[in-house]
Structures are given as structure tokens and as C-alpha cells.
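K.L.:
Coordinates in final-v6.txt, compact mmCIF, C-alpha atoms, are listed below.
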# COMPACT_ATOMS: atom_id res chain seq x y z
CA MET A 1395 97.55 101.17 93.33
CA GLY A 1396 96.64 102.27 89.85
CA ARG A 1397 99.34 102.96 87.32
CA LEU A 1398 99.31 105.37 84.38
CA LYS A 1399 101.07 103.54 81.55
CA SER A 1400 102.72 106.48 79.86
CA ARG A 1401 106.12 106.34 78.24
CA THR A 1402 107.18 109.46 80.15
CA SER A 1403 106.28 107.95 83.53
CA TYR A 1404 108.17 104.73 82.97
CA SER A 1405 111.23 106.43 81.54
CA ILE A 1406 111.40 108.78 84.51
CA ARG A 1407 111.21 105.89 86.94
CA PHE A 1408 113.83 103.91 85.03
CA SER A 1409 116.28 106.80 84.91
CA LEU A 1410 116.02 107.30 88.66
CA LEU A 1411 116.60 103.64 89.35
CA GLN A 1412 119.65 103.59 87.09
CA LYS A 1413 121.09 106.84 88.36
CA GLU A 1414 121.40 106.23 92.08
CA ARG A 1415 119.73 102.91 92.85
CA ILE A 1416 116.75 104.93 93.95
CA PHE A 1417 116.99 104.13 97.67
CA ARG A 1418 120.19 106.23 97.91
CA ILE A 1419 118.57 109.39 96.61
CA GLY A 1420 118.38 112.24 99.11
CA ASP A 1421 116.71 115.63 99.12
CA MET A 1422 119.55 117.29 97.21
CA GLY A 1423 119.69 114.62 94.51
CA LEU A 1424 115.97 114.76 93.89
CA LYS A 1425 116.06 118.55 93.83
CA GLN A 1426 118.69 118.51 91.09
CA PHE A 1427 116.60 116.10 89.06
CA LEU A 1428 113.39 118.09 89.46
CA ASP A 1429 115.10 121.33 88.48
CA GLY A 1430 115.36 119.89 84.97
CA PRO A 1431 112.88 120.60 82.18
CA ALA A 1432 111.16 117.19 82.41
CA SER A 1433 109.61 117.74 85.85
CA THR A 1434 106.36 119.22 84.55
CA LYS A 1435 105.84 116.16 82.32
CA ILE A 1436 106.06 113.62 85.13
CA ARG A 1437 102.78 111.80 85.67
CA GLU A 1438 103.98 108.98 87.92
CA LEU A 1439 106.82 109.01 90.45
CA ASN A 1440 107.83 105.98 92.49
CA LEU A 1441 110.12 106.95 95.38
CA SER A 1442 109.47 103.84 97.46
CA ASN A 1443 112.22 102.98 99.96
CA CYS A 1444 114.05 106.28 99.47
CA ILE A 1445 114.86 106.42 103.15
CA HIS A 1446 116.96 109.58 102.84
CA LEU A 1447 114.16 111.72 101.45
CA GLY A 1448 112.38 114.14 103.76
CA ASP A 1449 109.78 116.87 103.76
CA ALA A 1450 112.03 119.16 101.68
CA SER A 1451 111.67 116.78 98.74
CA ILE A 1452 107.88 116.92 98.93
CA ALA A 1453 108.02 120.70 98.97
CA LYS A 1454 110.07 120.55 95.77
CA LEU A 1455 107.63 118.11 94.19
CA SER A 1456 104.74 120.47 94.83
CA GLU A 1457 106.69 123.26 93.12
CA CYS A 1458 107.81 121.38 90.03
CA CYS A 1459 105.42 118.50 89.33
CA SER A 1460 102.19 120.25 88.50
CA ASN A 1461 100.89 117.30 86.46
CA LEU A 1462 101.79 114.48 88.84
CA ASN A 1463 99.00 111.88 89.16
CA TYR A 1464 100.60 108.95 90.99
CA LEU A 1465 103.09 109.27 93.85
CA SER A 1466 104.60 106.54 96.00
CA LEU A 1467 106.51 107.50 99.13
CA ARG A 1468 106.31 104.04 100.66
CA ASN A 1469 108.83 103.52 103.47
CA CYS A 1470 110.18 107.07 103.25
CA GLU A 1471 110.91 107.10 106.95
CA HIS A 1472 111.63 110.82 107.26
CA LEU A 1473 108.35 111.97 105.76
CA THR A 1474 106.27 113.74 108.44
CA ASP A 1475 102.94 115.50 108.70
CA LEU A 1476 104.68 118.66 107.52
CA GLY A 1477 105.41 116.98 104.19
CA VAL A 1478 101.73 116.15 103.81
CA GLU A 1479 101.02 119.90 103.71
CA PHE A 1480 102.93 120.01 100.42
CA ILE A 1481 101.20 116.89 99.04
CA VAL A 1482 97.88 118.70 99.39
CA ASN A 1483 99.22 121.37 97.03
CA ILE A 1484 99.76 118.86 94.21
CA PHE A 1485 96.23 119.29 92.89
CA SER A 1486 96.65 116.81 90.03
CA LEU A 1487 97.30 113.86 92.38
CA VAL A 1488 94.77 111.03 92.34
CA SER A 1489 96.87 108.34 94.04
CA VAL A 1490 99.39 108.43 96.87
CA ASP A 1491 101.16 105.70 98.84
CA LEU A 1492 102.30 106.72 102.34
CA SER A 1493 102.78 103.21 103.70
CA GLY A 1494 105.49 102.79 106.30
CA THR A 1495 105.84 106.52 106.95
CA ASP A 1496 105.49 108.55 110.16
CA ILE A 1497 102.23 110.15 109.13
CA SER A 1498 99.81 110.66 112.03
CA ASN A 1499 96.19 111.75 112.47
CA GLU A 1500 97.25 115.35 111.94
CA GLY A 1501 98.64 114.45 108.53
CA LEU A 1502 95.45 112.61 107.56
CA MET A 1503 93.35 115.59 108.58
CA THR A 1504 95.54 117.75 106.37
CA LEU A 1505 95.30 115.27 103.49
CA SER A 1506 91.51 115.35 103.70
CA ARG A 1507 91.66 118.88 102.26
CA HIS A 1508 92.91 117.53 98.92
CA LYS A 1509 89.42 116.30 97.94
CA LYS A 1510 90.55 114.66 94.66
CA LEU A 1511 92.37 111.54 95.87
CA LYS A 1512 90.96 108.27 94.60
CA GLU A 1513 93.65 105.94 96.01
CA LEU A 1514 95.42 106.00 99.36
CA SER A 1515 97.74 103.42 100.93
CA LEU A 1516 98.61 103.65 104.62
CA SER A 1517 99.89 100.13 105.30
CA GLU A 1518 102.08 99.84 108.42
CA CYS A 1519 101.40 103.40 109.58
CA ASP A 1520 101.39 102.82 113.32
CA LYS A 1521 100.73 106.44 114.32
CA ILE A 1522 97.31 106.74 112.69
CA THR A 1523 94.09 105.93 114.57
CA ASP A 1524 90.38 105.72 113.84
CA ILE A 1525 90.09 109.48 114.31
CA GLY A 1526 92.50 110.23 111.48
CA ILE A 1527 90.86 107.80 109.05
CA GLN A 1528 87.42 109.19 109.88
CA ALA A 1529 88.60 112.74 109.19
CA PHE A 1530 90.13 111.70 105.88
CA CYS A 1531 87.00 109.85 104.75
CA LYS A 1532 84.79 112.88 105.45
CA GLY A 1533 86.78 114.89 102.93
CA SER A 1534 87.35 112.13 100.38
CA LEU A 1535 83.98 111.33 98.88
CA ILE A 1536 85.43 110.02 95.60
CA LEU A 1537 87.85 107.56 97.25
CA GLU A 1538 88.00 104.22 95.41
CA HIS A 1539 90.97 102.40 96.96
CA LEU A 1540 92.13 102.28 100.59
CA ASP A 1541 94.87 100.12 102.09
CA VAL A 1542 95.21 100.25 105.87
CA SER A 1543 96.69 96.77 106.21
CA TYR A 1544 99.00 96.03 109.14
CA CYS A 1545 97.46 98.79 111.24
CA PRO A 1546 96.19 96.62 114.14
CA GLN A 1547 95.24 99.70 116.16
CA LEU A 1548 92.29 100.43 113.86
CA SER A 1549 88.75 99.32 114.68
CA ASP A 1550 85.20 99.10 113.31
CA GLU A 1551 84.95 102.89 113.35
CA ILE A 1552 86.98 103.21 110.13
CA ILE A 1553 84.69 100.78 108.31
CA LYS A 1554 81.65 102.76 109.42
CA ALA A 1555 83.26 105.96 108.12
CA LEU A 1556 83.92 104.33 104.76
CA ALA A 1557 80.33 103.11 104.54
CA ILE A 1558 79.02 106.61 105.23
CA TYR A 1559 81.35 108.79 103.17
CA CYS A 1560 83.14 106.58 100.61
CA ILE A 1561 80.38 104.63 98.89
CA ASN A 1562 82.32 104.50 95.60
CA LEU A 1563 84.97 102.27 97.17
CA THR A 1564 86.11 99.46 94.88
CA SER A 1565 89.17 98.10 96.74
CA LEU A 1566 89.81 97.76 100.47
CA SER A 1567 92.59 96.06 102.43
CA ILE A 1568 92.18 95.75 106.19
CA ALA A 1569 94.53 92.76 106.51
CA CYS A 1570 96.09 92.44 109.97
CA CYS A 1571 93.39 94.58 111.62
CA PRO A 1572 92.22 92.15 114.35
CA LYS A 1573 89.62 94.48 115.89
CA ILE A 1574 87.32 94.46 112.83
CA THR A 1575 84.02 92.62 113.40
CA ASP A 1576 81.07 91.28 111.41
CA SER A 1577 78.88 94.26 112.33
CA ALA A 1578 81.23 96.69 110.58
CA LEU A 1579 81.43 94.53 107.45
CA GLU A 1580 77.65 94.30 107.44
CA MET A 1581 77.45 98.09 107.21
CA LEU A 1582 80.12 98.15 104.50
CA SER A 1583 78.26 95.52 102.47
CA ALA A 1584 75.04 97.51 102.73
CA LYS A 1585 76.58 100.73 101.39
CA CYS A 1586 79.61 99.97 99.21
CA TYR A 1587 77.95 98.18 96.30
CA TYR A 1588 80.90 98.65 93.93
CA LEU A 1589 83.48 96.80 96.02
CA HIS A 1590 85.56 94.53 93.73
CA ILE A 1591 88.54 93.64 95.93
CA LEU A 1592 88.56 92.92 99.67
CA ASP A 1593 91.37 91.65 101.89
CA VAL A 1594 90.41 90.75 105.47
CA SER A 1595 93.31 88.40 106.16
CA GLY A 1596 94.09 88.25 109.86
CA CYS A 1597 90.74 89.76 110.88
CA ILE A 1598 90.29 87.03 113.44
CA LEU A 1599 86.85 88.09 114.72
CA LEU A 1600 85.09 87.68 111.37
CA THR A 1601 82.72 84.74 110.97
CA ASP A 1602 80.57 83.09 108.29
CA GLN A 1603 78.09 85.95 108.74
CA MET A 1604 80.50 88.29 106.96
CA LEU A 1605 80.27 86.12 103.84
CA VAL A 1606 76.49 86.16 103.96
CA ASN A 1607 76.53 89.96 104.13
CA LEU A 1608 79.00 90.24 101.26
CA GLN A 1609 76.86 88.01 99.04
CA MET A 1610 73.81 90.15 99.74
CA GLY A 1611 75.38 93.59 99.31
CA CYS A 1612 78.63 93.41 97.34
CA LYS A 1613 77.49 91.63 94.22
CA GLN A 1614 80.43 92.99 92.20
CA LEU A 1615 83.03 91.44 94.51
CA ARG A 1616 85.64 89.62 92.43
CA ILE A 1617 88.69 89.07 94.66
CA LEU A 1618 88.47 88.03 98.31
CA LYS A 1619 91.37 87.28 100.62
CA MET A 1620 90.67 85.90 104.08
CA LEU A 1621 93.77 84.14 105.31
CA TYR A 1622 94.09 83.39 109.04
CA CYS A 1623 90.37 83.81 109.67
CA ARG A 1624 89.82 80.95 112.09
CA LEU A 1625 86.12 81.68 112.76
CA ILE A 1626 85.20 81.37 109.09
CA SER A 1627 84.32 77.76 108.32
CA LYS A 1628 85.77 75.76 105.47
CA GLU A 1629 82.27 75.05 104.19
CA ALA A 1630 81.30 78.74 104.03
CA ALA A 1631 84.60 79.62 102.36
CA LYS A 1632 84.10 76.95 99.74
CA ARG A 1633 80.62 78.22 98.93
CA MET A 1634 82.01 81.75 98.56
CA SER A 1635 84.77 80.55 96.26
CA SER A 1636 82.16 79.65 93.65
CA ILE A 1637 80.86 83.22 93.65
CA VAL A 1638 84.07 85.26 93.37
CA GLN A 1639 86.70 84.95 90.66
CA GLN A 1640 89.68 84.66 93.00
CA GLN A 1641 89.81 83.71 96.65
CA ALA A 1642 92.43 82.88 99.28
CA TYR A 1643 91.43 81.35 102.59
CA SER A 1644 92.90 79.65 105.65
CA ALA A 1645 91.65 79.07 109.19
CA THR A 1646 95.05 78.87 110.81
CA ASP A 1647 96.26 81.24 113.52
CA PRO A 1648 97.88 84.45 112.28
CA PRO A 1649 101.65 84.20 111.73
CA LEU A 1650 103.84 85.57 114.49
CA TRP A 1651 105.03 88.49 112.40
CA PHE A 1652 101.47 89.88 112.48
CA GLY A 1653 102.28 90.79 116.08
CA TYR A 1654 99.20 89.31 117.77
CA ASP A 1655 97.84 85.91 118.75
CA CYS A 1656 94.63 84.11 117.76
CA GLU A 1657 92.66 86.31 120.17
CA GLY A 1658 94.15 89.56 118.92
CA LYS A 1659 96.39 90.04 121.94
CA PRO A 1660 99.81 91.62 121.20
CA LEU A 1661 102.75 89.22 121.24
CA PRO A 1662 106.06 89.86 122.99
CA GLU A 1663 108.50 91.56 120.63
CA GLN A 1664 111.05 88.76 120.88
CA GLN A 1665 109.94 85.52 119.23
CA ASP A 1666 111.78 82.33 118.36
CA ILE A 1667 112.82 82.40 114.68
CA THR A 1668 112.22 78.69 114.17
CA GLN A 1669 108.68 79.05 115.51
CA LEU A 1670 108.12 81.95 113.13
CA LYS A 1671 109.24 79.95 110.08
CA ASN A 1672 107.06 76.99 111.08
CA SER A 1673 104.04 79.28 111.39
CA GLU A 1674 104.55 80.73 107.91
CA SER A 1675 105.06 77.29 106.39
CA MET A 1676 101.80 75.97 107.86
CA ALA A 1677 99.92 79.00 106.60
CA LYS A 1678 101.13 78.51 103.04
CA GLU A 1679 100.06 74.88 103.03
CA SER A 1680 96.50 75.78 104.05
CA THR A 1681 95.90 78.46 101.41
CA TYR A 1682 93.70 77.84 98.38
CA SER A 1683 92.19 79.84 95.52
CA SER A 1684 88.71 79.69 94.03
CA GLU A 1685 90.07 77.32 91.40
CA GLU A 1686 91.24 74.80 94.00
CA GLU A 1687 89.48 72.68 96.61
CA ALA A 1688 89.52 73.74 100.24
CA VAL A 1689 91.64 71.60 102.48
As C-alpha cells, how would this structure be written, given the file I've shared?

P.N.:
Amino acid sequence: MGRLKSRTSYSIRFSLLQKERIFRIGDMGLKQFLDGPASTKIRELNLSNCIHLGDASIAKLSECCSNLNYLSLRNCEHLTDLGVEFIVNIFSLVSVDLSGTDISNEGLMTLSRHKKLKELSLSECDKITDIGIQAFCKGSLILEHLDVSYCPQLSDEIIKALAIYCINLTSLSIACCPKITDSALEMLSAKCYYLHILDVSGCILLTDQMLVNLQMGCKQLRILKMLYCRLISKEAAKRMSSIVQQQAYSATDPPLWFGYDCEGKPLPEQQDITQLKNSESMAKESTYSSEEEAV
């Protein structure tokens, strides 16, 4: 996500890290900090992994941080849809990270009322579905960055919504979304001309046709990640690597920690640790960038 490089932002983040080792901060601790005179000057606030923070903290943020632009609540496990109601009231926000939280479709529908968000990260949000993403896209016409990686429940419907409502999109991560197909990426390529960064790693149904569509429509594409895409040929990947500035590719099966097999079927929760490590090791060996030869 984007970062505003202001001295105030970085000093605020540093002081929080030094004060309590940020992940120990709770609602009361953050309240005491925000009651100080500096709260209105905060432009960026990174509260990632603050597992003790809840909706009360977000309510306080909306009261005190009237100039907040960038907010990360990644892995704040106690954040709920109620907290999203307060996020909507921070009108200055342009970027928010809700990855690993309990946000659901209801929260996304609420967030769609904000209208000014340009960046949203929802990685590992297992309670959201296509319906929630569609509702958010309808109200977020200026969206530029979306990360819904590791949300295997999502399907082509979210890509279609992006192509219809979010044509200014420049960065998209749908890694570990095994239901996504070529037809959805064809629609995205035809509408989202400004796409610079795309991560489709683990989208096991994608084929060489996706690369053809990207070359035709997304001529500004600079970074492409397509690890664990077994239906994309080495030859097609190598041709694409000469077009983009940076590329990562492998045709191996997705690692076990993705939670599904090479056909997209969910794996049993209990897996052998040795098998897991071997899978990750093989994947690393088969990765290459646009500056290297495909193996």
C-alpha cells in the first residue's frame, strides 16, 4: 500500500513501536495516546498485529485523527463490522488495510459509503464473499489498489465488478484465489488499461490465453507474478517476461499452506510438516524473474 513519507507519520509510528512493542497496545493505551495534541497531525498510522485493539479504538481514531490518510489494521483480530462504521467517518482516508480481520460482507457494504478510498487490502479475510466485493466496487469508482489474496472463496464475479466499476485500477492481487478463470481476466484486460501490477499466483485455472489478453489490453503492465500456475506454459511465460519489467513464474502445484490442491479442492487441515517444507522448497527452485531464464 502507498505510504506518505512525512516526518510526522514516521515519528508517530516509531514512538508507538518503542513505547509498547506495538502488538501489546490495547484500546486504553491507544486512547491515551490519541488524547494528546499530536493526534490531529497524524497522516499515517500502522497498527498491524495489534491483536488487543477492538472497535473502541477505531471509534477513537474517527474522533481524533481528522487528517489520517493511511491506516493499517492488519491482523487486528477483534476488529468487526461495527468498527468499519467508524472508519467510514474518517473522511481523509485514502488507504486502509483490513487484512486478517473479521470483516464480512456487511462491513464491505458499509465501507462502500466512504467513496474516497484508493487502496484497500483484504488479504486472508475469510468471511467476505463475491457479494461484499461487488458492493464495495460499486461505491469505489476511484479505487486504484485492491488486495484480496488468500481469499479462495472468491470467484470471477469480483473481477467482473472491478472491470465495470474500477477502471482506474493500477494494482491487483488475487493470489491464492483458485476459482479465477481466463474469461474474467479477459474482461479485466479489456477495461482496466492502467493496470501496472498483477499477482495471480495460485490461480490454477489460468492458461496462456490470459497472457494474450494482458498483452492486448494492459499495455502498462510492469510487474506480473504467476507462481503455481500449472496451465501456463513455460514458453508463454518466457515471451511475457520480455514485455514486463519484473516477472515471477512457476508451473508447480500450489504449496500445501495455500489450503487447496492442484485442482482447487480444499486440503485436509492436518498436513505432514515435512511434506509442507518439501513443497515450499520445490516452489522456490522453480521461480524466475524477467531478468533470468525460465527453467

K.L.:
Of the candidates A:Leu1487, A:Leu1537, A:Ala1529, A:Met1422, which one gets nearest to A:Thr1564 if we count all atoms listed in the file?

P.N.:
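The shortest atom-to-atom distance to A:Thr1564 comes from A:Leu1537.
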
K.L.:
I'd like the neighbourhood of A:Val1542 as a PDB file with C-alpha atoms, in the frame of the given file, where a residue qualifies if any of its atoms comes within 9 Å (using all atoms listed in the file), though same-chain residues fewer than 5 positions away should be ignored.

P.N.:
ATOM      1  CA  SER A1493     102.780 103.210 103.700  1.00  0.00           C
ATOM      2  CA  LEU A1514      95.420 106.000  99.360  1.00  0.00           C
ATOM      3  CA  SER A1515      97.740 103.420 100.930  1.00  0.00           C
ATOM      4  CA  LEU A1516      98.610 103.650 104.620  1.00  0.00           C
ATOM      5  CA  SER A1517      99.890 100.130 105.300  1.00  0.00           C
ATOM      6  CA  GLU A1518     102.080  99.840 108.420  1.00  0.00           C
ATOM      7  CA  CYS A1519     101.400 103.400 109.580  1.00  0.00           C
ATOM      8  CA  LEU A1548      92.290 100.430 113.860  1.00  0.00           C
ATOM      9  CA  LEU A1566      89.810  97.760 100.470  1.00  0.00           C
ATOM     10  CA  SER A1567      92.590  96.060 102.430  1.00  0.00           C
ATOM     11  CA  ILE A1568      92.180  95.750 106.190  1.00  0.00           C
ATOM     12  CA  ALA A1569      94.530  92.760 106.510  1.00  0.00           C
ATOM     13  CA  CYS A1570      96.090  92.440 109.970  1.00  0.00           C
ATOM     14  CA  CYS A1571      93.390  94.580 111.620  1.00  0.00           C
TER      15      CYS A1571
END

K.L.:
Suppose you want the space between atom CA of A:Pro1662 and atom CA of A:Tyr1622; what is it in Å?

P.N.:
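Between atom CA of A:Pro1662 and atom CA of A:Tyr1622 the gap is 19.5 Å.
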
K.L.:
Restricting the calculation to all atoms listed in the file: of A:His1446, A:His1508, A:Lys1454, A:His1590, which residue gets closest to A:Leu1428?

P.N.:
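Using all atoms listed in the file, the shortest distance to A:Leu1428 belongs to A:Lys1454.
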
K.L.:
Determine the nearest neighbour of A:Ile1525 from the options A:Ser1577, A:Asn1469, A:Asn1499, A:Asn1461, counting all atoms listed in the file.

P.N.:
A:Asn1499

K.L.:
With distances taken over only C-alpha atoms, which of A:Cys1545, A:Leu1505, A:Ala1631, A:Ile1419 is nearest to A:Cys1597?

P.N.:
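Closest to A:Cys1597 of all the choices is A:Cys1545.
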
K.L.:
Quick one: everything within 8 Å of A:Ala1630, counting all atoms listed in the file, minus sequence neighbours fewer than 3 positions away in the same chain. Send it as a ChimeraX atom specification.

P.N.:
/A:1602,1605,1626-1627,1633-1634

K.L.:
If we count all atoms listed in the file and set the cut-off at 12 Å, which residues sit around A:Cys1586, ignoring sequence neighbours fewer than 3 positions away in its own chain? Please answer as a ChimeraX atom specification.

P.N.:
/A:1537-1539,1553-1566,1578-1583,1589-1592,1607-1608,1610-1615

K.L.:
What would the file look like if the residues just selected were written as a short mmCIF file (atom, residue, chain, number, x, y, z; two decimals), in the coordinates of the input with C-alpha atoms?

P.N.:
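Result file follows (out35.cif):
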data_model
loop_
_atom_site.label_atom_id
_atom_site.label_comp_id
_atom_site.auth_asym_id
_atom_site.auth_seq_id
_atom_site.Cartn_x
_atom_site.Cartn_y
_atom_site.Cartn_z
CA LEU A 1537 87.85 107.56 97.25
CA GLU A 1538 88.00 104.22 95.41
CA HIS A 1539 90.97 102.40 96.96
CA ILE A 1553 84.69 100.78 108.31
CA LYS A 1554 81.65 102.76 109.42
CA ALA A 1555 83.26 105.96 108.12
CA LEU A 1556 83.92 104.33 104.76
CA ALA A 1557 80.33 103.11 104.54
CA ILE A 1558 79.02 106.61 105.23
CA TYR A 1559 81.35 108.79 103.17
CA CYS A 1560 83.14 106.58 100.61
CA ILE A 1561 80.38 104.63 98.89
CA ASN A 1562 82.32 104.50 95.60
CA LEU A 1563 84.97 102.27 97.17
CA THR A 1564 86.11 99.46 94.88
CA SER A 1565 89.17 98.10 96.74
CA LEU A 1566 89.81 97.76 100.47
CA ALA A 1578 81.23 96.69 110.58
CA LEU A 1579 81.43 94.53 107.45
CA GLU A 1580 77.65 94.30 107.44
CA MET A 1581 77.45 98.09 107.21
CA LEU A 1582 80.12 98.15 104.50
CA SER A 1583 78.26 95.52 102.47
CA LEU A 1589 83.48 96.80 96.02
CA HIS A 1590 85.56 94.53 93.73
CA ILE A 1591 88.54 93.64 95.93
CA LEU A 1592 88.56 92.92 99.67
CA ASN A 1607 76.53 89.96 104.13
CA LEU A 1608 79.00 90.24 101.26
CA MET A 1610 73.81 90.15 99.74
CA GLY A 1611 75.38 93.59 99.31
CA CYS A 1612 78.63 93.41 97.34
CA LYS A 1613 77.49 91.63 94.22
CA GLN A 1614 80.43 92.99 92.20
CA LEU A 1615 83.03 91.44 94.51
#

K.L.:
Give me, as a PyMOL selection string, all polymer residues having an atom no more than 7 Å from A:Asp1496, counting all atoms listed in the file and skipping those fewer than 4 positions away in the same chain.

P.N.:
chain A and resi 1471+1473-1474+1519+1521

K.L.:
Restricted to C-alpha atoms, what would the selected residues look like written as a CSV table (one decimal), in the frame of the given file?

P.N.:
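So part33.csv came out as:
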chain,number,residue,atom,x,y,z
A,1471,GLU,CA,110.9,107.1,107.0
A,1473,LEU,CA,108.4,112.0,105.8
A,1474,THR,CA,106.3,113.7,108.4
A,1519,CYS,CA,101.4,103.4,109.6
A,1521,LYS,CA,100.7,106.4,114.3

K.L.:
Which value, in Å to one decimal, gives the distance between atom CA of A:Arg1437 and atom CA of A:Asp1421?

P.N.:
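Those two atoms sit 19.7 Å apart.
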
K.L.:
What is the atom CA of A:Tyr1643 to atom CA of A:Glu1657 distance in Å?

P.N.:
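Interatomic distance, atom CA of A:Tyr1643 to atom CA of A:Glu1657: 18.3 Å.
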
K.L.:
Given the choices A:Gly1477, A:Pro1546, A:Gly1448, A:Gly1501, which gets closest to A:Pro1660 if the distance is worked out from all atoms listed in the file?

P.N.:
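Nearest to A:Pro1660: A:Pro1546.
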
K.L.:
Write out as a VMD selection string each polymer residue whose atoms come within 8 Å of A:Cys1470, counting all atoms listed in the file; drop sequence neighbours fewer than 3 positions from it.

P.N.:
chain A and resid 1441 to 1448 1467 1473 1492 1494 to 1495

K.L.:
Please write as a list in words the list of polymer residues whose atoms come within 10 Å of (116.8, 119.6, 94.9), counting all atoms listed in the file and keeping to the coordinates of the file.

P.N.:
Gly1420, Asp1421, Met1422, Gly1423, Leu1424, Lys1425, Gln1426, Phe1427, Leu1428, Asp1429, Ala1450, Ser1451, Ala1453, Lys1454 and Leu1455 of chain A
